[in-house]
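Structure file coords25.cif; described as mmCIF, C-alpha atoms.
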data_target
#
loop_
_atom_site.group_PDB
_atom_site.id
_atom_site.type_symbol
_atom_site.label_atom_id
_atom_site.label_comp_id
_atom_site.auth_asym_id
_atom_site.auth_seq_id
_atom_site.Cartn_x
_atom_site.Cartn_y
_atom_site.Cartn_z
ATOM 1 C CA MET A 887 45.665 11.509 144.410
ATOM 2 C CA GLY A 888 45.038 15.155 145.324
ATOM 3 C CA LYS A 889 46.627 14.727 148.739
ATOM 4 C CA LEU A 890 49.723 13.186 147.184
ATOM 5 C CA LEU A 891 50.038 16.068 144.714
ATOM 6 C CA LEU A 892 49.639 18.627 147.486
ATOM 7 C CA ALA A 893 52.266 16.913 149.650
ATOM 8 C CA ASP A 894 54.645 16.855 146.678
ATOM 9 C CA SER A 895 54.019 20.546 146.053
ATOM 10 C CA ILE A 896 54.713 21.409 149.692
ATOM 11 C CA GLN A 897 58.056 19.572 149.577
ATOM 12 C CA LEU A 898 59.023 21.313 146.340
ATOM 13 C CA SER A 899 58.174 24.626 147.959
ATOM 14 C CA LYS A 900 60.329 23.870 151.017
ATOM 15 C CA VAL A 901 63.322 22.958 148.872
ATOM 16 C CA GLY A 902 62.764 26.005 146.651
ATOM 17 C CA LYS A 903 62.641 28.306 149.671
ATOM 18 C CA VAL A 904 66.003 27.060 150.930
ATOM 19 C CA LEU A 905 67.583 27.371 147.485
ATOM 20 C CA ARG A 906 66.269 30.912 147.003
ATOM 21 C CA ARG A 907 67.836 31.985 150.279
ATOM 22 C CA THR A 908 71.173 30.388 149.337
ATOM 23 C CA PHE A 909 71.276 31.872 145.833
ATOM 24 C CA GLU A 910 70.450 35.337 147.141
ATOM 25 C CA LEU A 911 73.158 35.111 149.808
ATOM 26 C CA TRP A 912 75.607 34.702 146.924
ATOM 27 C CA GLY A 913 74.210 37.818 145.239
ATOM 28 C CA TYR A 914 72.029 36.212 142.557
ATOM 29 C CA GLY A 915 68.667 37.745 141.671
ATOM 30 C CA GLU A 916 65.611 35.748 140.654
ATOM 31 C CA VAL A 917 64.376 35.933 137.074
ATOM 32 C CA VAL A 918 60.746 34.982 136.384
ATOM 33 C CA LEU A 919 60.025 34.201 132.739
ATOM 34 C CA PRO A 920 56.645 34.001 131.009
ATOM 35 C CA THR A 921 55.012 30.596 130.682
ATOM 36 C CA ILE A 922 54.840 30.810 126.870
ATOM 37 C CA GLU A 923 57.553 31.760 124.375
ATOM 38 C CA PRO A 924 57.312 32.063 120.560
ATOM 39 C CA TYR A 925 58.633 28.894 118.958
ATOM 40 C CA ASP A 926 62.240 28.937 117.808
ATOM 41 C CA GLU A 927 64.359 25.927 116.885
ATOM 42 C CA THR A 928 67.192 27.165 119.137
ATOM 43 C CA VAL A 929 64.959 27.087 122.228
ATOM 44 C CA ARG A 930 65.139 23.650 123.802
ATOM 45 C CA LYS A 931 62.307 21.543 125.168
ATOM 46 C CA GLY A 932 58.868 22.975 125.938
ATOM 47 C CA THR A 933 55.525 21.736 124.638
ATOM 48 C CA LYS A 934 54.726 23.099 121.182
ATOM 49 C CA PHE A 935 51.281 24.346 120.198
ATOM 50 C CA ALA A 936 49.693 26.443 117.447
ATOM 51 C CA TYR A 937 47.726 29.651 117.997
ATOM 52 C CA ASN A 938 46.608 32.343 115.518
ATOM 53 C CA ASN A 939 48.794 31.020 112.681
ATOM 54 C CA GLY A 940 51.880 30.925 114.890
ATOM 55 C CA PHE A 941 53.733 28.323 116.923
ATOM 56 C CA TYR A 942 54.616 28.653 120.600
ATOM 57 C CA LEU A 943 56.313 26.730 123.396
ATOM 58 C CA ILE A 944 54.960 26.203 126.892
ATOM 59 C CA LYS A 945 57.652 26.265 129.618
ATOM 60 C CA PRO A 946 60.771 25.558 127.550
ATOM 61 C CA ASP A 947 64.345 25.270 128.866
ATOM 62 C CA VAL A 948 65.373 28.424 130.733
ATOM 63 C CA THR A 949 68.987 28.851 129.555
ATOM 64 C CA SER A 950 68.189 28.494 125.854
ATOM 65 C CA ARG A 951 65.284 30.945 126.083
ATOM 66 C CA LEU A 952 67.505 33.472 127.881
ATOM 67 C CA LEU A 953 70.042 33.103 125.073
ATOM 68 C CA LYS A 954 67.376 33.622 122.420
ATOM 69 C CA ASN A 955 65.183 36.366 123.801
ATOM 70 C CA TYR A 956 67.014 38.430 126.420
ATOM 71 C CA ASP A 957 69.973 40.807 126.327
ATOM 72 C CA ILE A 958 71.950 40.794 129.579
ATOM 73 C CA GLY A 959 75.297 42.604 129.784
ATOM 74 C CA PHE A 960 76.494 41.389 133.174
ATOM 75 C CA GLY A 961 74.408 39.573 135.671
ATOM 76 C CA LYS A 962 73.975 36.925 138.319
ATOM 77 C CA LEU A 963 70.578 35.288 137.887
ATOM 78 C CA TYR A 964 68.750 32.357 139.363
ATOM 79 C CA TYR A 965 65.472 30.644 138.549
ATOM 80 C CA ILE A 966 63.133 27.984 139.852
ATOM 81 C CA SER A 967 60.932 26.785 137.046
ATOM 82 C CA GLU A 968 59.035 23.851 135.615
ATOM 83 C CA VAL A 969 60.320 22.742 132.193
ATOM 84 C CA LEU A 970 58.109 20.702 129.879
ATOM 85 C CA ASP A 971 59.543 18.206 127.432
ATOM 86 C CA GLY A 972 56.897 17.855 124.754
ATOM 87 C CA SER A 973 54.083 16.672 127.025
ATOM 88 C CA VAL A 974 51.903 17.963 129.869
ATOM 89 C CA GLU A 975 54.258 16.587 132.527
ATOM 90 C CA GLY A 976 57.354 18.586 133.375
ATOM 91 C CA ASN A 977 60.515 18.568 135.433
ATOM 92 C CA TRP A 978 61.146 21.203 138.073
ATOM 93 C CA GLN A 979 64.579 22.820 137.885
ATOM 94 C CA ALA A 980 66.540 25.281 139.980
ATOM 95 C CA GLY A 981 69.594 26.931 138.513
ATOM 96 C CA VAL A 982 71.887 29.921 138.298
ATOM 97 C CA GLU A 983 73.528 31.839 135.457
ATOM 98 C CA PHE A 984 76.640 34.022 135.886
ATOM 99 C CA ILE A 985 77.113 36.203 132.797
ATOM 100 C CA GLY A 986 79.948 38.497 131.781
ATOM 101 C CA GLY A 987 82.935 37.694 134.001
ATOM 102 C CA GLU A 988 86.243 35.844 133.707
ATOM 103 C CA PRO A 989 85.443 32.203 132.848
ATOM 104 C CA THR A 990 87.683 30.400 135.351
ATOM 105 C CA PHE A 991 86.571 32.652 138.215
ATOM 106 C CA MET A 992 82.914 32.364 137.214
ATOM 107 C CA THR A 993 83.103 28.572 137.066
ATOM 108 C CA ALA A 994 84.703 28.415 140.512
ATOM 109 C CA GLU A 995 81.994 30.674 141.962
ATOM 110 C CA VAL A 996 79.124 28.785 140.313
ATOM 111 C CA LEU A 997 80.515 25.484 141.635
ATOM 112 C CA SER A 998 80.730 27.042 145.099
ATOM 113 C CA VAL A 999 77.110 28.168 144.822
ATOM 114 C CA LEU A 1000 76.184 24.626 143.809
ATOM 115 C CA ILE A 1001 78.037 23.109 146.778
ATOM 116 C CA THR A 1002 76.467 25.442 149.332
ATOM 117 C CA ALA A 1003 73.018 24.941 147.758
ATOM 118 C CA LEU A 1004 73.279 21.187 148.322
ATOM 119 C CA GLU A 1005 74.687 21.628 151.827
ATOM 120 C CA SER A 1006 71.882 24.036 152.735
ATOM 121 C CA LEU A 1007 69.453 21.189 151.974
ATOM 122 C CA GLY A 1008 71.310 18.830 154.277
ATOM 123 C CA ILE A 1009 72.882 16.972 151.338
ATOM 124 C CA GLU A 1010 76.505 16.386 152.260
ATOM 125 C CA GLU A 1011 77.308 13.189 150.358
ATOM 126 C CA PHE A 1012 77.776 14.085 146.699
ATOM 127 C CA TYR A 1013 80.535 14.582 144.170
ATOM 128 C CA ILE A 1014 81.027 16.837 141.162
ATOM 129 C CA ASP A 1015 82.874 15.736 138.011
ATOM 130 C CA LEU A 1016 84.509 18.359 135.778
ATOM 131 C CA GLY A 1017 85.140 17.741 132.100
ATOM 132 C CA SER A 1018 86.470 19.845 129.240
ATOM 133 C CA LEU A 1019 85.370 20.112 125.620
ATOM 134 C CA GLU A 1020 88.619 21.908 124.807
ATOM 135 C CA VAL A 1021 90.657 18.885 125.934
ATOM 136 C CA TRP A 1022 88.699 16.728 123.486
ATOM 137 C CA ARG A 1023 88.947 19.280 120.684
ATOM 138 C CA ARG A 1024 92.730 19.204 121.060
ATOM 139 C CA ALA A 1025 92.792 15.408 121.309
ATOM 140 C CA THR A 1026 90.820 15.064 118.067
ATOM 141 C CA ASP A 1027 92.868 17.525 116.000
ATOM 142 C CA GLY A 1028 93.808 15.715 112.819
ATOM 143 C CA ILE A 1029 90.908 13.265 113.072
ATOM 144 C CA GLU A 1030 88.073 15.786 112.798
ATOM 145 C CA ASP A 1031 86.097 13.448 110.543
ATOM 146 C CA PHE A 1032 85.617 11.132 113.528
ATOM 147 C CA ARG A 1033 84.949 13.817 116.154
ATOM 148 C CA GLU A 1034 81.179 13.372 116.118
ATOM 149 C CA THR A 1035 81.512 9.618 116.695
ATOM 150 C CA ILE A 1036 84.019 10.189 119.508
ATOM 151 C CA TYR A 1037 81.661 12.627 121.235
ATOM 152 C CA ARG A 1038 78.820 10.157 120.857
ATOM 153 C CA ALA A 1039 81.016 7.499 122.488
ATOM 154 C CA LEU A 1040 81.619 9.865 125.407
ATOM 155 C CA GLU A 1041 77.916 10.601 125.833
ATOM 156 C CA ARG A 1042 77.153 6.883 125.907
ATOM 157 C CA ARG A 1043 80.260 5.958 127.940
ATOM 158 C CA ASN A 1044 80.980 3.379 125.240
ATOM 159 C CA PHE A 1045 84.635 3.269 124.143
ATOM 160 C CA GLY A 1046 83.789 0.495 121.691
ATOM 161 C CA LEU A 1047 82.572 3.177 119.255
ATOM 162 C CA ILE A 1048 86.080 4.697 119.275
ATOM 163 C CA ASP A 1049 87.849 1.348 119.186
ATOM 164 C CA GLY A 1050 86.142 0.530 115.900
ATOM 165 C CA LEU A 1051 87.354 3.691 114.135
ATOM 166 C CA PRO A 1052 90.091 3.491 111.454
ATOM 167 C CA ILE A 1053 92.662 5.525 113.421
ATOM 168 C CA ASP A 1054 96.125 4.441 114.564
ATOM 169 C CA GLU A 1055 96.609 2.559 117.826
ATOM 170 C CA GLU A 1056 98.713 5.295 119.449
ATOM 171 C CA LYS A 1057 95.865 7.781 119.039
ATOM 172 C CA LYS A 1058 93.383 5.219 120.378
ATOM 173 C CA GLU A 1059 95.564 4.750 123.485
ATOM 174 C CA GLU A 1060 95.618 8.515 124.030
ATOM 175 C CA LEU A 1061 91.840 8.689 123.731
ATOM 176 C CA TRP A 1062 91.479 5.691 126.074
ATOM 177 C CA ARG A 1063 93.534 7.472 128.764
ATOM 178 C CA LEU A 1064 91.401 10.610 128.469
ATOM 179 C CA PHE A 1065 88.185 8.583 128.358
ATOM 180 C CA ASN A 1066 89.019 6.923 131.688
ATOM 181 C CA PHE A 1067 90.811 9.774 133.476
ATOM 182 C CA ARG A 1068 89.392 10.743 136.866
ATOM 183 C CA GLY A 1069 91.416 12.435 139.579
ATOM 184 C CA LYS A 1070 92.664 15.655 141.116
ATOM 185 C CA GLU A 1071 95.682 16.383 138.914
ATOM 186 C CA THR A 1072 95.445 17.272 135.246
ATOM 187 C CA GLU A 1073 97.706 18.790 132.626
ATOM 188 C CA TYR A 1074 94.974 21.209 131.587
ATOM 189 C CA GLU A 1075 95.831 24.350 133.560
ATOM 190 C CA LYS A 1076 92.301 25.755 133.510
ATOM 191 C CA LEU A 1077 90.824 22.717 135.268
ATOM 192 C CA THR A 1078 93.688 22.702 137.770
ATOM 193 C CA LYS A 1079 93.015 26.352 138.617
ATOM 194 C CA ILE A 1080 89.294 25.708 139.106
ATOM 195 C CA LEU A 1081 90.070 22.836 141.505
ATOM 196 C CA GLU A 1082 92.396 25.108 143.475
ATOM 197 C CA LEU A 1083 89.858 27.916 143.692
ATOM 198 C CA VAL A 1084 86.950 25.676 144.738
ATOM 199 C CA ASP A 1085 89.119 23.671 147.178
ATOM 200 C CA ASP A 1086 86.607 20.916 147.967
ATOM 201 C CA GLU A 1087 87.406 17.224 148.256
ATOM 202 C CA ARG A 1088 84.150 16.285 146.482
ATOM 203 C CA VAL A 1089 85.153 17.938 143.192
ATOM 204 C CA PHE A 1090 87.115 15.849 140.662
ATOM 205 C CA VAL A 1091 88.305 16.060 137.077
ATOM 206 C CA ASP A 1092 86.629 13.370 134.963
ATOM 207 C CA LEU A 1093 87.572 13.872 131.322
ATOM 208 C CA GLY A 1094 84.977 11.328 130.257
ATOM 209 C CA THR A 1095 82.253 13.747 131.397
ATOM 210 C CA VAL A 1096 80.356 15.476 128.601
ATOM 211 C CA ARG A 1097 76.932 17.081 128.384
ATOM 212 C CA PRO A 1098 75.093 16.814 125.046
ATOM 213 C CA LEU A 1099 73.944 20.432 124.764
ATOM 214 C CA PRO A 1100 74.944 22.550 121.756
ATOM 215 C CA TYR A 1101 75.824 25.785 123.563
ATOM 216 C CA TYR A 1102 78.585 24.615 125.948
ATOM 217 C CA SER A 1103 82.006 26.045 125.092
ATOM 218 C CA ASP A 1104 84.559 24.302 127.328
ATOM 219 C CA VAL A 1105 84.274 23.282 130.996
ATOM 220 C CA ILE A 1106 81.241 21.183 131.842
ATOM 221 C CA PHE A 1107 80.283 19.433 135.063
ATOM 222 C CA GLU A 1108 77.797 16.976 136.541
ATOM 223 C CA VAL A 1109 76.816 16.396 140.161
ATOM 224 C CA TYR A 1110 75.993 12.964 141.546
ATOM 225 C CA SER A 1111 74.701 11.475 144.772
ATOM 226 C CA PRO A 1112 75.470 7.833 145.671
ATOM 227 C CA GLU A 1113 71.824 7.581 146.733
ATOM 228 C CA PHE A 1114 70.528 8.452 143.269
ATOM 229 C CA GLY A 1115 70.945 6.468 140.074
ATOM 230 C CA ARG A 1116 71.535 9.380 137.690
ATOM 231 C CA PRO A 1117 72.988 12.915 137.776
ATOM 232 C CA ILE A 1118 71.024 15.288 139.999
ATOM 233 C CA GLY A 1119 72.258 18.310 138.094
ATOM 234 C CA GLY A 1120 74.929 19.758 135.879
ATOM 235 C CA GLY A 1121 76.086 22.742 133.902
ATOM 236 C CA GLY A 1122 79.014 24.405 132.222
ATOM 237 C CA GLU A 1123 80.491 27.322 130.340
ATOM 238 C CA TYR A 1124 78.823 28.875 127.334
ATOM 239 C CA SER A 1125 78.793 32.099 125.335
ATOM 240 C CA PHE A 1126 75.956 34.557 125.992
ATOM 241 C CA ARG A 1127 75.759 36.914 122.982
ATOM 242 C CA GLY A 1128 79.551 37.032 122.749
ATOM 243 C CA ARG A 1129 80.127 37.230 126.509
ATOM 244 C CA PRO A 1130 81.357 34.317 128.645
ATOM 245 C CA ALA A 1131 78.812 32.748 130.966
ATOM 246 C CA VAL A 1132 78.502 29.767 133.320
ATOM 247 C CA GLY A 1133 75.403 28.125 134.738
ATOM 248 C CA PHE A 1134 73.902 24.999 136.192
ATOM 249 C CA ALA A 1135 70.500 23.398 136.656
ATOM 250 C CA LEU A 1136 69.462 21.031 139.453
ATOM 251 C CA ASP A 1137 66.698 18.431 139.317
ATOM 252 C CA LEU A 1138 64.320 19.677 142.003
ATOM 253 C CA ARG A 1139 62.454 16.394 142.376
ATOM 254 C CA ALA A 1140 65.743 14.568 142.945
ATOM 255 C CA LEU A 1141 66.622 17.129 145.618
ATOM 256 C CA VAL A 1142 63.265 16.582 147.326
ATOM 257 C CA GLN A 1143 64.152 12.897 147.715
ATOM 258 C CA LEU A 1144 67.628 13.660 149.079
ATOM 259 C CA ALA A 1145 67.024 16.791 151.148
ATOM 260 C CA ASN A 1146 66.408 17.165 154.854
ATOM 261 C CA VAL A 1147 64.319 20.330 155.169
ATOM 262 C CA ASP A 1148 61.740 19.327 157.775
ATOM 263 C CA GLY A 1149 63.388 20.883 160.805
ATOM 264 C CA LYS A 1150 61.061 22.973 162.965
ATOM 265 C CA THR A 1151 61.358 26.751 162.862
ATOM 266 C CA SER A 1152 61.357 28.636 166.158
ATOM 267 C CA ARG A 1153 58.363 31.014 166.120
ATOM 268 C CA ARG A 1154 57.371 33.747 168.549
ATOM 269 C CA SER A 1155 53.990 32.757 169.957
ATOM 270 C CA LEU A 1156 51.479 35.576 170.526
ATOM 271 C CA ARG A 1157 48.020 35.234 172.014
ATOM 272 C CA GLY A 1158 44.881 37.349 171.943
ATOM 273 C CA ILE A 1159 42.989 39.539 169.516
ATOM 274 C CA THR A 1160 45.237 42.538 170.266
ATOM 275 C CA SER A 1161 48.393 40.660 169.184
ATOM 276 C CA PHE A 1162 48.289 41.391 165.456
ATOM 277 C CA ARG A 1163 49.977 44.799 165.744
ATOM 278 C CA GLU A 1164 52.870 43.173 167.591
ATOM 279 C CA ALA A 1165 52.917 40.305 165.084
ATOM 280 C CA ARG A 1166 53.231 42.739 162.170
ATOM 281 C CA LYS A 1167 56.148 44.457 163.862
ATOM 282 C CA LEU A 1168 57.979 41.164 164.460
ATOM 283 C CA VAL A 1169 57.408 39.939 160.887
ATOM 284 C CA SER A 1170 58.769 43.222 159.499
ATOM 285 C CA MET A 1171 61.938 42.460 161.512
ATOM 286 C CA GLY A 1172 62.164 38.978 159.982
ATOM 287 C CA ILE A 1173 61.022 37.136 163.113
ATOM 288 C CA PRO A 1174 58.633 34.181 162.520
ATOM 289 C CA VAL A 1175 55.372 34.443 164.497
ATOM 290 C CA GLU A 1176 52.263 32.475 165.311
ATOM 291 C CA VAL A 1177 49.142 34.225 166.611
ATOM 292 C CA ARG A 1178 46.713 32.186 168.672
ATOM 293 C CA ARG A 1179 43.246 33.135 169.866
#

Starting from the coordinates I provided, produce the structure as structure tokens.
Amino acid sequence: MGKLLLADSIQLSKVGKVLRRTFELWGYGEVVLPTIEPYDETVRKGTKFAYNNGFYLIKPDVTSRLLKNYDIGFGKLYYISEVLDGSVEGNWQAGVEFIGGEPTFMTAEVLSVLITALESLGIEEFYIDLGSLEVWRRATDGIEDFRETIYRALERRNFGLIDGLPIDEEKKEELWRLFNFRGKETEYEKLTKILELVDDERVFVDLGTVRPLPYYSDVIFEVYSPEFGRPIGGGGEYSFRGRPAVGFALDLRALVQLANVDGKTSRRSLRGITSFREARKLVSMGIPVEVRR
């Protein structure tokens, strides 16, 4: 059991190393958060415990704890962190947050970071679906009483929940078209602009895509691999203390299964007990070394 855990940890480390390099090439800086946060109902996930008449969370969701506890004016951040979900077992995530820019531009950049992150791991076969909460807000104007049910139908990919609502057939047909729309051309100018800026054949508009998190404001997205039975990551736009922001999180364990990061690194081989001075010089220049006796 110990050997299996160690092997798993080594693979996670390899994937994390590649992602760190990619995120930093895009200009994102790593944020390292404490393991424990004071409990707050707006902070998602984490394992709750009591201590000294207070409640705390162990390793909660990163984005929601940033929103609650940190004040960032403008920033490009990334993280690699374990997130617990009420138990002692957690999920490892890697993600980025772009805070304080123009939303369409930020979304295009974050999607580009996501694409290059996957490619850097040797994952070429994937696709990204873009959705829009604003499209659905507009589509449900006048039937606000049923909006919650319609969103639940989207989350479950079950149009039957909408079909059973007491709304006219013309509106149902409109919702059906949106529910099933997937392609490269859309009447929503913001999504069209994002597609143009990203310019990648693996990115589509899928208006049936939603993500059930309370802080998203408009554009959301999910990334899939045909080799994996569920999304391997996703994200979207949100408001960070009144400023626009965009982020995503990737499932690190899914990436470990899909990635190809076992290529050998070329190292400068040095021999002899007097080689350590030379080894230090090479390492300071970023050159991998191996010293042998």

Pick from A:Val1132, A:Val1105, A:Ala980, A:Ala893 nearest to Ile1118 of chain A, counting only C-alpha atoms: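 Smallest separation from Ile1118 of chain A among the options: A:Ala980.
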
Quote the spacing between atom CA of Asp957 of chain A and atom CA of Gly986 of chain A in Å to one decimal place. 11.6 Å

Here's the selection I'm unsure about, the PyMOL selection byres ((chain A and resi 965-971) around 8); applied to the file above, which residues does it give, as number ranges by chain? A: 902, 916-918, 931-933, 944-948, 963-964, 972-982

Find, counting only C-alpha atoms, the residue in A:Tyr956, A:Arg906, A:Val901, A:Ala936 that gets nearest to Arg1127 of chain A. A:Tyr956

For Ala1165 of chain A, list every protein, DNA or RNA residue within 12 Å, evaluated using only C-alpha atoms, and leave out those in the same chain fewer than 2 positions away; present the list as a PyMOL selection string. chain A and resi 1153-1163+1167-1178

Would you work out the distance separating atom CA of Gly1008 of chain A from atom CA of Leu919 of chain A, expressed in Å to one decimal?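 Separating atom CA of Gly1008 of chain A from atom CA of Leu919 of chain A is a distance of 28.8 Å.
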
Any chance you could resolve the PyMOL selection byres ((chain A and resi 925) around 7) against this file and give the residues as a list in words?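 Selected by the PyMOL selection byres ((chain A and resi 925) around 7) in this file: Glu923, Pro924, Asp926, Glu927, Phe941, Tyr942 and Leu943 of chain A.
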
Residues selected by the PyMOL selection byres ((chain A and resi 1040) around 12), written as a PyMOL selection string: chain A and resi 1017-1019+1022+1033-1039+1041-1048+1061-1062+1064-1066+1092-1098

Could you write those residues out with C-alpha atoms, as a PDB file, keeping the file's coordinate frame?
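And here's again19.pdb as it stands now:
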ATOM      1  CA  GLY A1017      85.140  17.741 132.100  1.00  0.00           C
ATOM      2  CA  SER A1018      86.470  19.845 129.240  1.00  0.00           C
ATOM      3  CA  LEU A1019      85.370  20.112 125.620  1.00  0.00           C
ATOM      4  CA  TRP A1022      88.699  16.728 123.486  1.00  0.00           C
ATOM      5  CA  ARG A1033      84.949  13.817 116.154  1.00  0.00           C
ATOM      6  CA  GLU A1034      81.179  13.372 116.118  1.00  0.00           C
ATOM      7  CA  THR A1035      81.512   9.618 116.695  1.00  0.00           C
ATOM      8  CA  ILE A1036      84.019  10.189 119.508  1.00  0.00           C
ATOM      9  CA  TYR A1037      81.661  12.627 121.235  1.00  0.00           C
ATOM     10  CA  ARG A1038      78.820  10.157 120.857  1.00  0.00           C
ATOM     11  CA  ALA A1039      81.016   7.499 122.488  1.00  0.00           C
ATOM     12  CA  GLU A1041      77.916  10.601 125.833  1.00  0.00           C
ATOM     13  CA  ARG A1042      77.153   6.883 125.907  1.00  0.00           C
ATOM     14  CA  ARG A1043      80.260   5.958 127.940  1.00  0.00           C
ATOM     15  CA  ASN A1044      80.980   3.379 125.240  1.00  0.00           C
ATOM     16  CA  PHE A1045      84.635   3.269 124.143  1.00  0.00           C
ATOM     17  CA  GLY A1046      83.789   0.495 121.691  1.00  0.00           C
ATOM     18  CA  LEU A1047      82.572   3.177 119.255  1.00  0.00           C
ATOM     19  CA  ILE A1048      86.080   4.697 119.275  1.00  0.00           C
ATOM     20  CA  LEU A1061      91.840   8.689 123.731  1.00  0.00           C
ATOM     21  CA  TRP A1062      91.479   5.691 126.074  1.00  0.00           C
ATOM     22  CA  LEU A1064      91.401  10.610 128.469  1.00  0.00           C
ATOM     23  CA  PHE A1065      88.185   8.583 128.358  1.00  0.00           C
ATOM     24  CA  ASN A1066      89.019   6.923 131.688  1.00  0.00           C
ATOM     25  CA  ASP A1092      86.629  13.370 134.963  1.00  0.00           C
ATOM     26  CA  LEU A1093      87.572  13.872 131.322  1.00  0.00           C
ATOM     27  CA  GLY A1094      84.977  11.328 130.257  1.00  0.00           C
ATOM     28  CA  THR A1095      82.253  13.747 131.397  1.00  0.00           C
ATOM     29  CA  VAL A1096      80.356  15.476 128.601  1.00  0.00           C
ATOM     30  CA  ARG A1097      76.932  17.081 128.384  1.00  0.00           C
ATOM     31  CA  PRO A1098      75.093  16.814 125.046  1.00  0.00           C
TER      32      PRO A1098
END

Identify which of the residues A:Trp912, A:Phe1090, A:Phe1126, A:Phe960 lies closest to Ala1003 of chain A, counting all atoms listed in the file when measuring atom-to-atom distances.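 Of A:Trp912, A:Phe1090, A:Phe1126, A:Phe960, the one nearest Ala1003 of chain A, counting all atoms listed in the file, is A:Trp912.
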
Distance in Å - atom CA of Thr1002 of chain A versus atom CA of Ser895 of chain A: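 Computed distance, atom CA of Thr1002 of chain A to atom CA of Ser895 of chain A, equals 23.2 Å.
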
Which polymer residues have any atom within 8 Å of an atom of Glu995 of chain A, counting all atoms listed in the file, with same-chain residues fewer than 4 positions away left out, as a ChimeraX atom specification? /A:991,999,1084

Shortest interatomic distance to Leu1136 of chain A - which of A:Thr1026, A:Glu1082, A:Ile1001, A:Glu1071, counting all atoms listed in the file: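 Ranked by minimum distance to Leu1136 of chain A, first place goes to A:Ile1001.
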
Taking only C-alpha atoms into account, which of A:Ala1025, A:Leu1083, A:Val1109, A:Leu905 comes nearest Glu1056 of chain A?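 Between A:Ala1025, A:Leu1083, A:Val1109, A:Leu905, the residue approaching Glu1056 of chain A most closely is A:Ala1025.
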